[in-house]
file work_11.txt (compact mmCIF, C-alpha atoms and all ligand atoms)
# COMPACT_ATOMS: atom_id res chain seq x y z
CA MET D 3 109.93 99.64 110.94
CA THR D 4 110.01 96.62 113.05
CA ALA D 5 107.36 93.94 112.92
CA THR D 6 107.05 92.84 116.52
CA ALA D 7 103.74 92.00 118.13
CA ASN D 8 101.98 95.32 117.70
CA SER D 9 104.45 97.71 116.32
CA PRO D 10 103.61 100.46 113.85
CA ASN D 11 104.33 99.33 110.33
CA GLY D 12 103.52 99.62 107.51
CA ALA D 13 95.66 97.97 99.29
CA ASP D 14 93.34 97.05 97.48
CA ALA D 15 92.51 94.17 99.68
CA ALA D 16 88.86 93.58 99.80
CA GLY D 17 89.07 89.79 99.65
CA PRO D 18 90.05 87.36 102.34
CA THR D 19 92.82 85.65 100.44
CA ILE D 20 96.38 86.57 99.69
CA ASP D 21 97.00 86.67 95.97
CA SER D 22 99.28 88.38 93.52
CA GLY D 23 96.98 91.40 93.16
CA GLY D 24 96.77 90.88 89.40
CA GLN D 25 100.51 91.48 89.00
CA ALA D 26 101.01 88.86 86.30
CA ASP D 27 98.08 90.21 84.23
CA ALA D 28 99.46 93.74 84.37
CA ARG D 29 102.94 92.62 83.30
CA GLU D 30 101.47 90.75 80.34
CA ALA D 31 99.60 93.90 79.34
CA GLY D 32 102.91 95.78 79.35
CA ARG D 33 102.05 97.96 82.36
CA GLY D 34 103.72 98.17 85.70
CA ALA D 35 101.92 96.07 88.28
CA VAL D 36 102.35 98.08 91.47
CA ARG D 37 99.19 99.63 92.87
CA HIS D 38 100.49 101.08 96.12
CA LEU D 39 102.70 104.12 96.58
CA TYR D 40 104.34 105.27 99.82
CA VAL D 41 105.84 108.76 99.98
CA HIS D 42 108.14 109.62 102.88
CA LEU D 43 108.12 113.19 104.19
CA PRO D 44 110.76 113.24 106.91
CA PHE D 45 110.51 116.78 108.29
CA CYS D 46 109.41 117.32 111.90
CA ALA D 47 109.29 120.35 114.19
CA HIS D 48 111.04 118.40 116.95
CA ARG D 49 112.42 114.92 117.36
CA CYS D 50 110.39 113.06 120.01
CA GLY D 51 112.64 111.06 122.34
CA TYR D 52 111.07 107.66 121.59
CA CYS D 53 110.99 108.02 117.81
CA ASP D 54 113.04 105.72 115.59
CA PHE D 55 111.66 106.82 112.22
CA VAL D 56 113.68 108.57 109.54
CA THR D 57 113.18 112.22 110.47
CA VAL D 58 114.87 115.55 109.85
CA VAL D 59 114.21 118.47 112.20
CA GLY D 60 113.22 121.82 110.68
CA ARG D 61 114.98 122.59 107.36
CA ALA D 62 112.13 124.74 106.04
CA GLY D 63 114.54 125.96 103.35
CA GLN D 64 114.85 122.44 101.94
CA HIS D 65 111.21 121.36 101.74
CA ASP D 66 110.87 122.54 98.15
CA ALA D 67 114.08 120.85 97.05
CA TYR D 68 112.95 117.65 98.73
CA VAL D 69 109.65 117.69 96.85
CA ASP D 70 111.59 118.22 93.62
CA ALA D 71 113.67 115.15 94.48
CA LEU D 72 110.59 113.07 95.33
CA LEU D 73 109.03 113.92 91.99
CA ALA D 74 112.29 113.12 90.20
CA GLU D 75 112.41 109.73 91.94
CA LEU D 76 108.77 109.11 91.03
CA ALA D 77 109.52 109.93 87.37
CA LEU D 78 112.38 107.39 87.42
CA GLU D 79 110.18 104.67 88.94
CA ARG D 80 106.80 105.45 87.42
CA HIS D 81 107.05 102.57 84.95
CA VAL D 82 106.53 100.05 87.78
CA LEU D 83 103.17 101.60 88.66
CA TYR D 84 99.87 100.31 87.40
CA ALA D 85 97.56 102.59 85.44
CA GLU D 86 95.78 105.30 87.44
CA PRO D 87 93.98 105.32 89.70
CA LEU D 88 96.28 103.35 91.95
CA GLY D 89 94.83 101.38 94.84
CA THR D 90 96.46 103.58 97.48
CA VAL D 91 98.83 106.48 98.08
CA TYR D 92 100.17 107.03 101.61
CA LEU D 93 102.16 110.04 102.79
CA GLY D 94 104.00 109.09 105.96
CA GLY D 95 106.67 110.64 108.09
CA GLY D 96 108.21 112.34 109.79
CA THR D 97 105.38 114.81 109.88
CA PRO D 98 104.00 115.19 106.35
CA THR D 99 101.84 118.11 107.48
CA PHE D 100 104.89 120.00 108.77
CA THR D 101 106.10 120.26 105.16
CA GLY D 102 105.64 123.82 103.88
CA PRO D 103 102.10 124.24 102.46
CA ALA D 104 103.23 125.29 98.98
CA ALA D 105 105.57 122.30 98.70
CA LEU D 106 102.91 119.93 100.07
CA ARG D 107 100.28 121.25 97.64
CA ARG D 108 102.69 120.87 94.72
CA LEU D 109 103.54 117.31 95.75
CA LEU D 110 99.92 116.23 96.19
CA GLY D 111 99.01 117.77 92.86
CA ALA D 112 101.69 115.74 91.07
CA LEU D 113 101.07 112.33 92.63
CA PRO D 114 99.01 109.70 90.80
CA ALA D 115 95.33 109.51 91.70
CA ALA D 116 94.32 106.64 93.98
CA SER D 117 91.21 105.13 95.49
CA GLU D 118 92.55 105.81 99.01
CA VAL D 119 94.90 108.71 99.76
CA THR D 120 96.13 108.91 103.36
CA VAL D 121 98.23 111.59 105.01
CA GLU D 122 99.78 111.27 108.48
CA ALA D 123 99.34 114.42 110.52
CA ASN D 124 100.48 115.70 113.90
CA PRO D 125 97.54 117.32 115.73
CA GLU D 126 99.28 120.66 116.27
CA THR D 127 99.71 121.11 112.50
CA VAL D 128 96.02 120.69 111.73
CA THR D 129 94.49 124.08 110.92
CA PRO D 130 91.43 124.83 108.76
CA GLU D 131 93.86 125.95 106.01
CA LEU D 132 95.82 122.68 106.14
CA ALA D 133 92.63 120.59 106.23
CA GLY D 134 91.27 122.53 103.24
CA LEU D 135 94.53 122.03 101.35
CA LEU D 136 94.42 118.27 101.94
CA ARG D 137 90.75 117.97 100.96
CA SER D 138 91.12 119.98 97.78
CA ALA D 139 94.16 117.88 96.81
CA GLY D 140 92.12 114.66 96.99
CA VAL D 141 93.23 113.32 100.37
CA ASP D 142 90.40 111.24 101.84
CA ARG D 143 91.96 109.75 104.95
CA VAL D 144 93.99 111.37 107.75
CA SER D 145 95.94 109.43 110.33
CA LEU D 146 96.42 111.57 113.40
CA GLY D 147 99.18 110.88 115.94
CA ALA D 148 97.33 111.41 119.21
CA GLN D 149 99.47 108.93 121.25
CA SER D 150 97.75 109.75 124.57
CA PHE D 151 95.25 112.12 126.15
CA GLN D 152 97.09 112.32 129.48
CA PRO D 153 99.16 115.53 129.81
CA HIS D 154 101.85 113.85 131.94
CA LEU D 155 102.31 111.05 129.37
CA LEU D 156 102.36 113.46 126.44
CA GLU D 157 105.13 115.27 128.30
CA VAL D 158 107.15 112.07 128.72
CA LEU D 159 106.78 111.44 124.98
CA GLU D 160 107.82 115.07 124.28
CA ARG D 161 104.73 115.62 122.18
CA GLY D 162 103.84 119.07 120.89
CA ALA D 163 100.06 118.59 121.26
CA SER D 164 97.87 118.79 124.35
CA PRO D 165 94.74 116.60 124.66
CA GLU D 166 92.68 119.63 123.62
CA THR D 167 94.86 120.09 120.53
CA VAL D 168 94.08 116.51 119.50
CA ARG D 169 90.34 117.07 119.99
CA ARG D 170 90.46 120.34 118.07
CA ALA D 171 92.36 118.67 115.20
CA VAL D 172 89.61 116.05 114.84
CA ARG D 173 86.93 118.79 114.86
CA VAL D 174 88.81 120.75 112.19
CA LEU D 175 89.13 117.64 110.01
CA ARG D 176 85.43 116.85 110.40
CA ASP D 177 84.49 120.45 109.56
CA ALA D 178 86.60 120.18 106.40
CA GLY D 179 84.61 117.08 105.39
CA PHE D 180 86.95 114.21 106.33
CA ALA D 181 84.85 111.09 106.88
CA ASN D 182 87.78 108.74 107.48
CA VAL D 183 89.99 109.70 110.40
CA SER D 184 92.36 107.36 112.19
CA LEU D 185 93.92 107.95 115.61
CA ASP D 186 97.25 106.50 116.78
CA LEU D 187 97.64 105.65 120.45
CA ILE D 188 100.72 104.35 122.24
CA TYR D 189 100.68 102.32 125.46
CA GLY D 190 103.41 101.19 127.85
CA ILE D 191 104.56 104.79 128.31
CA PRO D 192 106.79 105.45 131.36
CA GLY D 193 104.51 106.51 134.19
CA GLN D 194 101.39 104.96 132.65
CA GLU D 195 98.89 103.09 134.82
CA PRO D 196 96.05 100.86 133.57
CA SER D 197 93.60 103.63 134.50
CA ASP D 198 95.49 106.01 132.15
CA LEU D 199 95.04 103.55 129.32
CA ASP D 200 91.33 103.23 130.08
CA ALA D 201 91.06 107.02 130.03
CA ASP D 202 92.95 107.21 126.72
CA LEU D 203 90.69 104.64 125.09
CA ALA D 204 87.57 106.41 126.39
CA ALA D 205 88.86 109.79 125.15
CA ALA D 206 89.69 108.34 121.74
CA LEU D 207 86.28 106.65 121.46
CA GLU D 208 84.53 109.92 122.31
CA LEU D 209 85.97 111.32 119.07
CA ALA D 210 84.37 108.45 117.10
CA PRO D 211 87.33 107.79 114.77
CA GLU D 212 86.70 105.42 111.88
CA HIS D 213 89.99 103.69 112.63
CA LEU D 214 92.44 103.28 115.53
CA SER D 215 96.04 102.05 115.65
CA CYS D 216 97.25 101.11 119.14
CA TYR D 217 100.95 100.42 119.47
CA GLU D 218 103.06 99.22 122.34
CA LEU D 219 105.86 101.66 122.96
CA GLU D 220 109.11 100.44 121.49
CA ALA D 221 112.14 102.02 123.06
CA LYS D 222 115.38 101.46 121.25
CA PRO D 223 118.21 100.40 123.57
CA GLY D 224 121.00 102.91 123.97
CA THR D 225 118.91 105.99 123.21
CA ARG D 226 118.47 109.12 125.34
CA PHE D 227 114.88 107.99 126.00
CA THR D 228 115.90 104.56 127.33
CA HIS D 229 118.58 106.09 129.55
CA ALA D 230 116.06 108.51 130.99
CA HIS D 231 113.32 105.92 131.63
CA GLY D 232 115.14 102.56 131.95
CA ALA D 233 113.62 101.08 135.14
CA GLU D 234 110.16 102.39 134.35
CA LEU D 235 110.34 100.93 130.84
CA GLU D 236 111.02 97.51 132.40
CA ARG D 237 107.96 97.87 134.63
CA GLN D 238 105.88 98.80 131.59
CA GLU D 239 107.22 95.81 129.65
CA ASP D 240 105.78 93.51 132.33
CA ALA D 241 102.40 95.19 132.00
CA MET D 242 102.30 95.11 128.18
CA GLU D 243 100.31 91.89 127.77
CA GLY D 244 97.61 93.17 130.10
CA TYR D 245 97.47 96.51 128.27
CA PHE D 246 97.13 94.75 124.91
CA GLU D 247 94.17 92.67 126.11
CA ARG D 248 92.58 95.78 127.60
CA VAL D 249 92.88 97.60 124.29
CA VAL D 250 91.37 94.72 122.33
CA GLU D 251 88.52 94.10 124.80
CA THR D 252 87.61 97.78 124.99
CA LEU D 253 87.69 98.49 121.28
CA THR D 254 85.95 95.31 120.13
CA GLY D 255 83.35 95.96 122.86
CA ALA D 256 82.80 99.42 121.37
CA GLY D 257 82.01 98.08 117.89
CA TYR D 258 85.44 98.05 116.25
CA ARG D 259 86.81 95.18 114.22
CA TRP D 260 90.22 93.94 115.41
CA TYR D 261 91.37 93.29 111.88
CA GLU D 262 95.14 93.37 112.48
CA THR D 263 97.29 92.92 115.57
CA ALA D 264 97.45 96.64 116.34
CA ASN D 265 94.65 97.98 114.13
CA PHE D 266 90.93 98.43 114.56
CA CYS D 267 88.23 99.84 112.33
CA LEU D 268 84.60 100.63 112.85
CA GLN D 269 82.40 97.67 111.86
CA PRO D 270 80.57 98.39 108.58
CA GLY D 271 77.21 98.00 110.35
CA ARG D 272 77.85 100.92 112.76
CA ALA D 273 75.88 104.03 111.83
CA SER D 274 78.88 106.29 111.10
CA ALA D 275 80.62 103.56 109.08
CA ARG D 276 77.75 103.69 106.59
CA GLY D 277 78.53 100.21 105.30
CA ARG D 278 82.16 101.03 104.47
CA ASP D 279 85.08 98.65 104.91
CA LEU D 280 87.30 100.98 106.93
CA ARG D 281 90.47 98.91 107.12
CA SER D 282 93.57 100.81 106.01
CA ARG D 283 93.81 99.57 102.45
CA HIS D 284 97.39 100.76 102.17
CA ASN D 285 98.70 98.92 105.21
CA LEU D 286 96.59 95.93 104.26
CA ALA D 287 98.62 95.77 101.05
CA TYR D 288 101.79 95.26 103.16
CA TRP D 289 100.17 92.61 105.32
CA LEU D 290 98.83 90.83 102.25
CA GLY D 291 102.27 90.72 100.67
CA ARG D 292 101.43 92.97 97.73
CA ASP D 293 104.12 94.89 95.88
CA TYR D 294 104.56 98.58 96.71
CA LEU D 295 106.75 101.46 95.62
CA GLY D 296 108.25 103.71 98.31
CA ILE D 297 109.90 107.03 97.48
CA GLY D 298 111.85 109.39 99.73
CA ILE D 299 114.71 109.06 102.17
CA GLY D 300 114.63 105.78 104.05
CA ALA D 301 111.67 104.54 101.95
CA VAL D 302 111.37 100.83 101.20
CA SER D 303 109.95 99.25 98.02
CA THR D 304 109.14 95.65 97.21
CA VAL D 305 108.72 95.08 93.51
CA ALA D 306 108.79 91.74 91.67
CA GLY D 307 110.77 89.89 94.34
CA VAL D 308 113.32 92.63 95.02
CA ARG D 309 113.41 94.86 98.10
CA ARG D 310 115.03 98.26 97.87
CA ARG D 311 115.81 100.52 100.80
CA ASN D 312 116.71 104.12 100.15
CA ARG D 313 119.47 105.29 102.48
CA PRO D 314 118.24 107.65 105.18
CA THR D 315 120.44 110.60 104.25
CA LEU D 316 118.95 113.83 103.00
CA ALA D 317 122.06 115.27 101.33
CA GLY D 318 122.82 112.11 99.30
CA TYR D 319 119.17 111.82 98.25
CA LEU D 320 118.93 115.43 97.08
CA SER D 321 122.20 115.41 95.16
CA ALA D 322 121.53 112.08 93.38
CA LEU D 323 118.09 113.13 92.22
CA ARG D 324 119.26 116.59 91.19
CA ALA D 325 121.40 114.65 88.68
CA ASP D 326 118.44 112.43 87.71
CA ALA D 327 120.20 109.42 89.19
CA ALA D 328 118.68 106.78 91.46
CA PRO D 329 119.12 107.66 95.14
CA PRO D 330 121.69 105.75 97.21
CA ARG D 331 120.01 102.52 98.25
CA GLU D 332 120.43 98.90 99.20
CA ILE D 333 119.02 96.19 96.98
CA GLU D 334 118.02 92.80 98.34
CA PRO D 335 116.63 90.05 96.10
CA LEU D 336 114.08 88.07 98.11
CA ASP D 337 114.30 84.31 97.66
CA ASP D 338 111.19 82.10 97.77
CA GLU D 339 111.81 81.05 101.33
CA THR D 340 112.16 84.62 102.60
CA ARG D 341 108.99 85.62 100.79
CA ALA D 342 107.09 82.68 102.23
CA ARG D 343 108.31 83.51 105.76
CA GLU D 344 107.23 87.13 105.36
CA ARG D 345 103.83 86.12 104.04
CA LEU D 346 103.27 83.82 106.99
CA MET D 347 104.46 86.38 109.53
CA LEU D 348 102.41 89.24 108.09
CA GLY D 349 99.37 87.21 107.04
CA LEU D 350 98.90 85.84 110.57
CA ARG D 351 98.58 89.39 111.90
CA LEU D 352 95.19 89.60 110.19
CA ASP D 353 91.83 88.28 111.32
CA ARG D 354 91.22 86.55 107.97
CA PRO D 355 92.38 83.00 107.15
CA LEU D 356 95.68 82.77 105.31
CA PRO D 357 95.79 80.16 102.51
CA THR D 358 98.73 77.85 103.15
CA THR D 359 99.38 76.96 99.50
CA GLY D 360 103.01 77.82 98.82
CA LEU D 361 103.79 78.19 102.51
CA GLU D 362 104.33 74.47 103.22
CA ARG D 363 108.11 74.87 103.17
CA VAL D 364 108.07 77.29 106.12
CA LEU D 365 105.14 75.92 108.11
CA ASP D 366 106.05 73.38 110.80
CA THR D 367 103.28 70.75 110.55
CA THR D 368 103.91 69.22 113.98
CA ALA D 369 103.74 72.63 115.66
CA THR D 370 100.66 73.51 113.62
CA GLU D 371 98.78 70.40 114.81
CA ARG D 372 99.90 70.97 118.41
CA LEU D 373 98.86 74.65 118.45
CA SER D 374 95.58 73.78 116.78
CA ALA D 375 94.84 71.16 119.46
CA GLY D 376 95.78 73.78 122.08
CA GLY D 377 93.24 76.25 120.69
CA LEU D 378 95.74 78.84 119.48
CA VAL D 379 95.43 78.17 115.77
CA GLU D 380 92.44 77.44 113.54
CA LEU D 381 92.85 75.29 110.42
CA ALA D 382 90.25 75.11 107.68
CA SER D 383 89.76 73.53 104.29
CA THR D 384 88.57 76.02 101.75
CA GLY D 385 87.51 75.45 98.14
CA GLY D 386 91.02 75.73 96.76
CA GLY D 387 93.10 74.31 99.65
CA ARG D 388 93.84 74.81 103.31
CA SER D 389 94.06 77.94 105.37
CA ILE D 390 95.28 78.95 108.81
CA ARG D 391 94.58 81.76 111.24
CA LEU D 392 95.24 82.51 114.87
CA THR D 393 92.34 82.22 117.30
CA ARG D 394 91.61 85.16 119.62
CA ARG D 395 93.80 83.55 122.30
CA GLY D 396 96.50 82.90 119.70
CA ARG D 397 96.36 86.52 118.59
CA TYR D 398 96.94 87.70 122.16
CA LEU D 399 100.19 85.73 122.13
CA GLY D 400 100.82 86.93 118.57
CA GLY D 401 104.47 86.78 117.56
CA GLY D 402 105.24 83.88 119.94
CA VAL D 403 102.70 81.61 118.23
CA THR D 404 103.84 82.65 114.76
CA ALA D 405 107.45 81.90 115.71
CA GLU D 406 106.45 78.39 116.84
CA LEU D 407 104.55 77.78 113.62
CA MET D 408 107.54 78.63 111.53
CA ARG D 409 109.89 75.86 110.54
CA LEU D 410 113.52 76.56 111.43
CA GLU D 411 115.71 77.97 108.66
CA THR D 412 116.36 75.21 106.14
CA ASP D 413 119.87 76.30 105.32
C1 LIG Y 1 105.43 107.53 111.31
S1 LIG Y 1 104.90 107.65 112.93
C2 LIG Y 1 104.69 109.34 113.15
C3 LIG Y 1 103.55 110.13 112.71
C4 LIG Y 1 103.53 111.54 113.27
N1 LIG Y 1 104.74 112.22 112.99
C5 LIG Y 1 103.32 111.56 114.77
O1 LIG Y 1 104.29 111.52 115.51
O2 LIG Y 1 102.18 111.63 115.16
C6 LIG Y 1 103.35 106.86 112.97
C7 LIG Y 1 102.96 106.33 114.34
O3 LIG Y 1 103.88 105.39 114.82
C8 LIG Y 1 103.76 105.32 116.23
N2 LIG Y 1 105.11 105.29 116.82
C9 LIG Y 1 106.14 106.09 116.53
N3 LIG Y 1 107.23 105.74 117.26
C10 LIG Y 1 106.86 104.69 118.03
C11 LIG Y 1 107.52 103.89 118.99
N4 LIG Y 1 108.80 104.10 119.32
N5 LIG Y 1 106.82 102.89 119.58
C12 LIG Y 1 105.53 102.67 119.26
N6 LIG Y 1 104.85 103.40 118.37
C13 LIG Y 1 105.50 104.40 117.76
C14 LIG Y 1 103.00 106.53 116.68
O4 LIG Y 1 101.73 106.14 117.17
C15 LIG Y 1 102.90 107.37 115.43
O5 LIG Y 1 101.73 108.11 115.39
S1 LIG Y 2 106.66 113.97 115.30
FE1 LIG Y 2 106.35 111.79 114.79
S2 LIG Y 2 107.88 111.27 113.23
FE2 LIG Y 2 108.46 113.26 114.14
S3 LIG Y 2 109.91 112.76 115.73
FE3 LIG Y 2 107.90 112.82 116.71
S4 LIG Y 2 107.11 110.70 116.57
FE4 LIG Y 2 108.85 110.85 115.16

call {"tool": "encode", "arguments": {"input": "work_11.txt", "output": "structure tokens", "more": "lines below"}}
Ligand SMILES: C[S@@+](CC[C@H](N)C(=O)[O-])C[C@H]1O[C@@H](n2cnc3c(N)ncnc32)[C@H](O)[C@@H]1O
Ligand code: SF4
result
Amino acid sequence: MTATANSPNGADAAGPTIDSGGQADAREAGRGAVRHLYVHLPFCAHRCGYCDFVTVVGRAGQHDAYVDALLAELALERHVLYAEPLGTVYLGGGTPTFTGPAALRRLLGALPAASEVTVEANPETVTPELAGLLRSAGVDRVSLGAQSFQPHLLEVLERGASPETVRRAVRVLRDAGFANVSLDLIYGIPGQEPSDLDADLAAALELAPEHLSCYELEAKPGTRFTHAHGAELERQEDAMEGYFERVVETLTGAGYRWYETANFCLQPGRASARGRDLRSRHNLAYWLGRDYLGIGIGAVSTVAGVRRRNRPTLAGYLSALRADAAPPREIEPLDDETRARERLMLGLRLDRPLPTTGLERVLDTTATERLSAGGLVELASTGGGRSIRLTRRGRYLGGGVTAELMRLETD
């Protein structure tokens, strides 16, 4: 996943500060320290033209074998995990809910318990049976890929769900007892007008989701989608800044907290929030620089200063794990400078101040003072040191401000 201004990407993260999440304590106690588990389920009914995720179309006959492989990989890596319950488990895709129900039930039953268990779902897969399966397996959060409520835009995106299917999916989830539902929206879609975005936001708000993720459409150059929509994508690119501000103004005006560049959650004081902190604790773990274990094809892990990326090939994954061997993957040790750069880049996406201790080597002090004087950055002295965050205006400019704050590579 890319980490541009408001791209989709991927905790126990109640506090405002970035810390080690108790990793040193856990290691001393002889346990693994990782409290966040990502499980990749790549299967989809159809590959949407704009999608750049690791997906595999169909293959119903391989869903069981894939779950076997996931569980074999988990057994190999389980020692890095903290004692149960974990902070979070997140099943992402692909379309996790397209996985055959028996295989999905078996997987969910074998995963470690966690305080937050999220499953991504495509609206057309949400039936009372599926919702019941998820609830009884301990899932407490569903992230639904709505994308838009405009039929002509859903068609451009090649989505399998109509606006009514999205609404029905939310009703089915509510009837099954889900009290934490997130909706994904995309903007900057070929053919979209500002009025379409307003209508999408209004339609989403009518469903009263606890959480919303709103992403600008990213179209990879050289794909079928970009060839089909090239000129229109350029027009949309010019409109993106305006769309972003519209999204933020509308959702914050409706009582949502803009807690991360592309993510919003109902404020705890709103009646249906019932005092809950509804930020995605799993994604917060990424933004706070916590360690996480990812299993499945294409999954990424960051554990104790090493990043591992499983290769995105189904056949190689299945055959390695059938032999109880680690899946084919790339291993990248992260040096201190890379880690500091990542922490700065990700931490500034949040609405909470980021302590600057340990980040001095990558923070350009001249640029920091200049941007602070220009009202784009806010500096503060806290009990233990200094902290930095982007102001609302700074957050609108997002990645550009962060890039200016960052000292050029020292090597
Ligand atoms: C892992 S994806 C897919 C989840 C699910 N299969 C679906 O399509 O609804 C999670 C979210 O990323 C967003 N997304 C996917 N591709 C994107 C793209 N090219 N540009 C912007 N957002 C994208 C969508 O909002 C999607 O719901
Ligand atoms: S359903 Fe979701 S993951 Fe699958 S191809 Fe479409 S956007 Fe990608």

call {"tool": "residues_near_ligand", "arguments": {"input": "work_11.txt", "ligand": "ligand LIG 1 (chain Y)", "cutoff": "6 Å", "atoms": "all atoms listed in the file", "output": "NGL selection string"}}
result
:D and (9-10 or 52-54 or 94-97 or 122-124 or 147 or 149 or 186-188 or 217-221)

call {"tool": "write_last_selection", "arguments": {"input": "work_11.txt", "atoms": "C-alpha atoms", "output": "compact mmCIF listing (two decimals), keeping the file's coordinate frame"}}
result
# COMPACT_ATOMS: atom_id res chain seq x y z
CA SER D 9 104.45 97.71 116.32
CA PRO D 10 103.61 100.46 113.85
CA TYR D 52 111.07 107.66 121.59
CA CYS D 53 110.99 108.02 117.81
CA ASP D 54 113.04 105.72 115.59
CA GLY D 94 104.00 109.09 105.96
CA GLY D 95 106.67 110.64 108.09
CA GLY D 96 108.21 112.34 109.79
CA THR D 97 105.38 114.81 109.88
CA GLU D 122 99.78 111.27 108.48
CA ALA D 123 99.34 114.42 110.52
CA ASN D 124 100.48 115.70 113.90
CA GLY D 147 99.18 110.88 115.94
CA GLN D 149 99.47 108.93 121.25
CA ASP D 186 97.25 106.50 116.78
CA LEU D 187 97.64 105.65 120.45
CA ILE D 188 100.72 104.35 122.24
CA TYR D 217 100.95 100.42 119.47
CA GLU D 218 103.06 99.22 122.34
CA LEU D 219 105.86 101.66 122.96
CA GLU D 220 109.11 100.44 121.49
CA ALA D 221 112.14 102.02 123.06

call {"tool": "closest_residue", "arguments": {"input": "work_11.txt", "among": "D:Cys46, D:Ala233, D:Ile299, D:Leu290", "to": "ligand LIG 2 (chain Y)", "atoms": "all atoms listed in the file"}}
result
D:Cys46

call {"tool": "residues_near_point", "arguments": {"input": "work_11.txt", "point": "(84.1, 98.5, 113.6)", "cutoff": "8 Å", "atoms": "only C-alpha atoms", "output": "ChimeraX atom specification"}}
result
/D:212-213,254,256-260,266-272,275,280

call {"tool": "closest_residue", "arguments": {"input": "work_11.txt", "among": "D:Thr368, D:Glu251, D:Leu286, D:Tyr261", "to": "Arg391 of chain D", "atoms": "all atoms listed in the file"}}
result
D:Tyr261

call {"tool": "axis_aligned_box", "arguments": {"input": "work_11.txt", "around": "segment 173-184 of chain D", "padding_each_side": "3 Å", "output": "AutoDock Vina command-line options"}}
result
--center_x 88.4 --center_y 114.1 --center_z 110.1 --size_x 13.9 --size_y 19.4 --size_z 15.5

call {"tool": "residues_around", "arguments": {"input": "work_11.txt", "residues": "segment 335-342 of chain D", "least_positions_apart": "6", "cutoff": "9 Å", "atoms": "all atoms listed in the file", "output": "MDAnalysis selection string"}}
result
chainID D and resid 291 307:310 360:364 411:412

call {"tool": "write_last_selection", "arguments": {"input": "work_11.txt", "atoms": "C-alpha atoms", "output": "compact mmCIF listing (two decimals), keeping the file's coordinate frame"}}
result
# COMPACT_ATOMS: atom_id res chain seq x y z
CA GLY D 291 102.27 90.72 100.67
CA GLY D 307 110.77 89.89 94.34
CA VAL D 308 113.32 92.63 95.02
CA ARG D 309 113.41 94.86 98.10
CA ARG D 310 115.03 98.26 97.87
CA GLY D 360 103.01 77.82 98.82
CA LEU D 361 103.79 78.19 102.51
CA GLU D 362 104.33 74.47 103.22
CA ARG D 363 108.11 74.87 103.17
CA VAL D 364 108.07 77.29 106.12
CA GLU D 411 115.71 77.97 108.66
CA THR D 412 116.36 75.21 106.14

call {"tool": "closest_residue", "arguments": {"input": "work_11.txt", "among": "D:Tyr40, D:Tyr68, D:Phe45, D:Tyr189", "to": "ligand LIG 2 (chain Y)", "atoms": "all atoms listed in the file"}}
result
D:Phe45

call {"tool": "closest_residue", "arguments": {"input": "work_11.txt", "among": "D:Glu126, D:Glu236, D:Glu262, D:Glu75", "to": "ligand LIG 2 (chain Y)", "atoms": "all atoms listed in the file"}}
result
D:Glu126

call {"tool": "atom_distance", "arguments": {"input": "work_11.txt", "atom1": "atom CA of Asp240 of chain D", "atom2": "atom CA of Ala405 of chain D"}}
result
20.3 Å
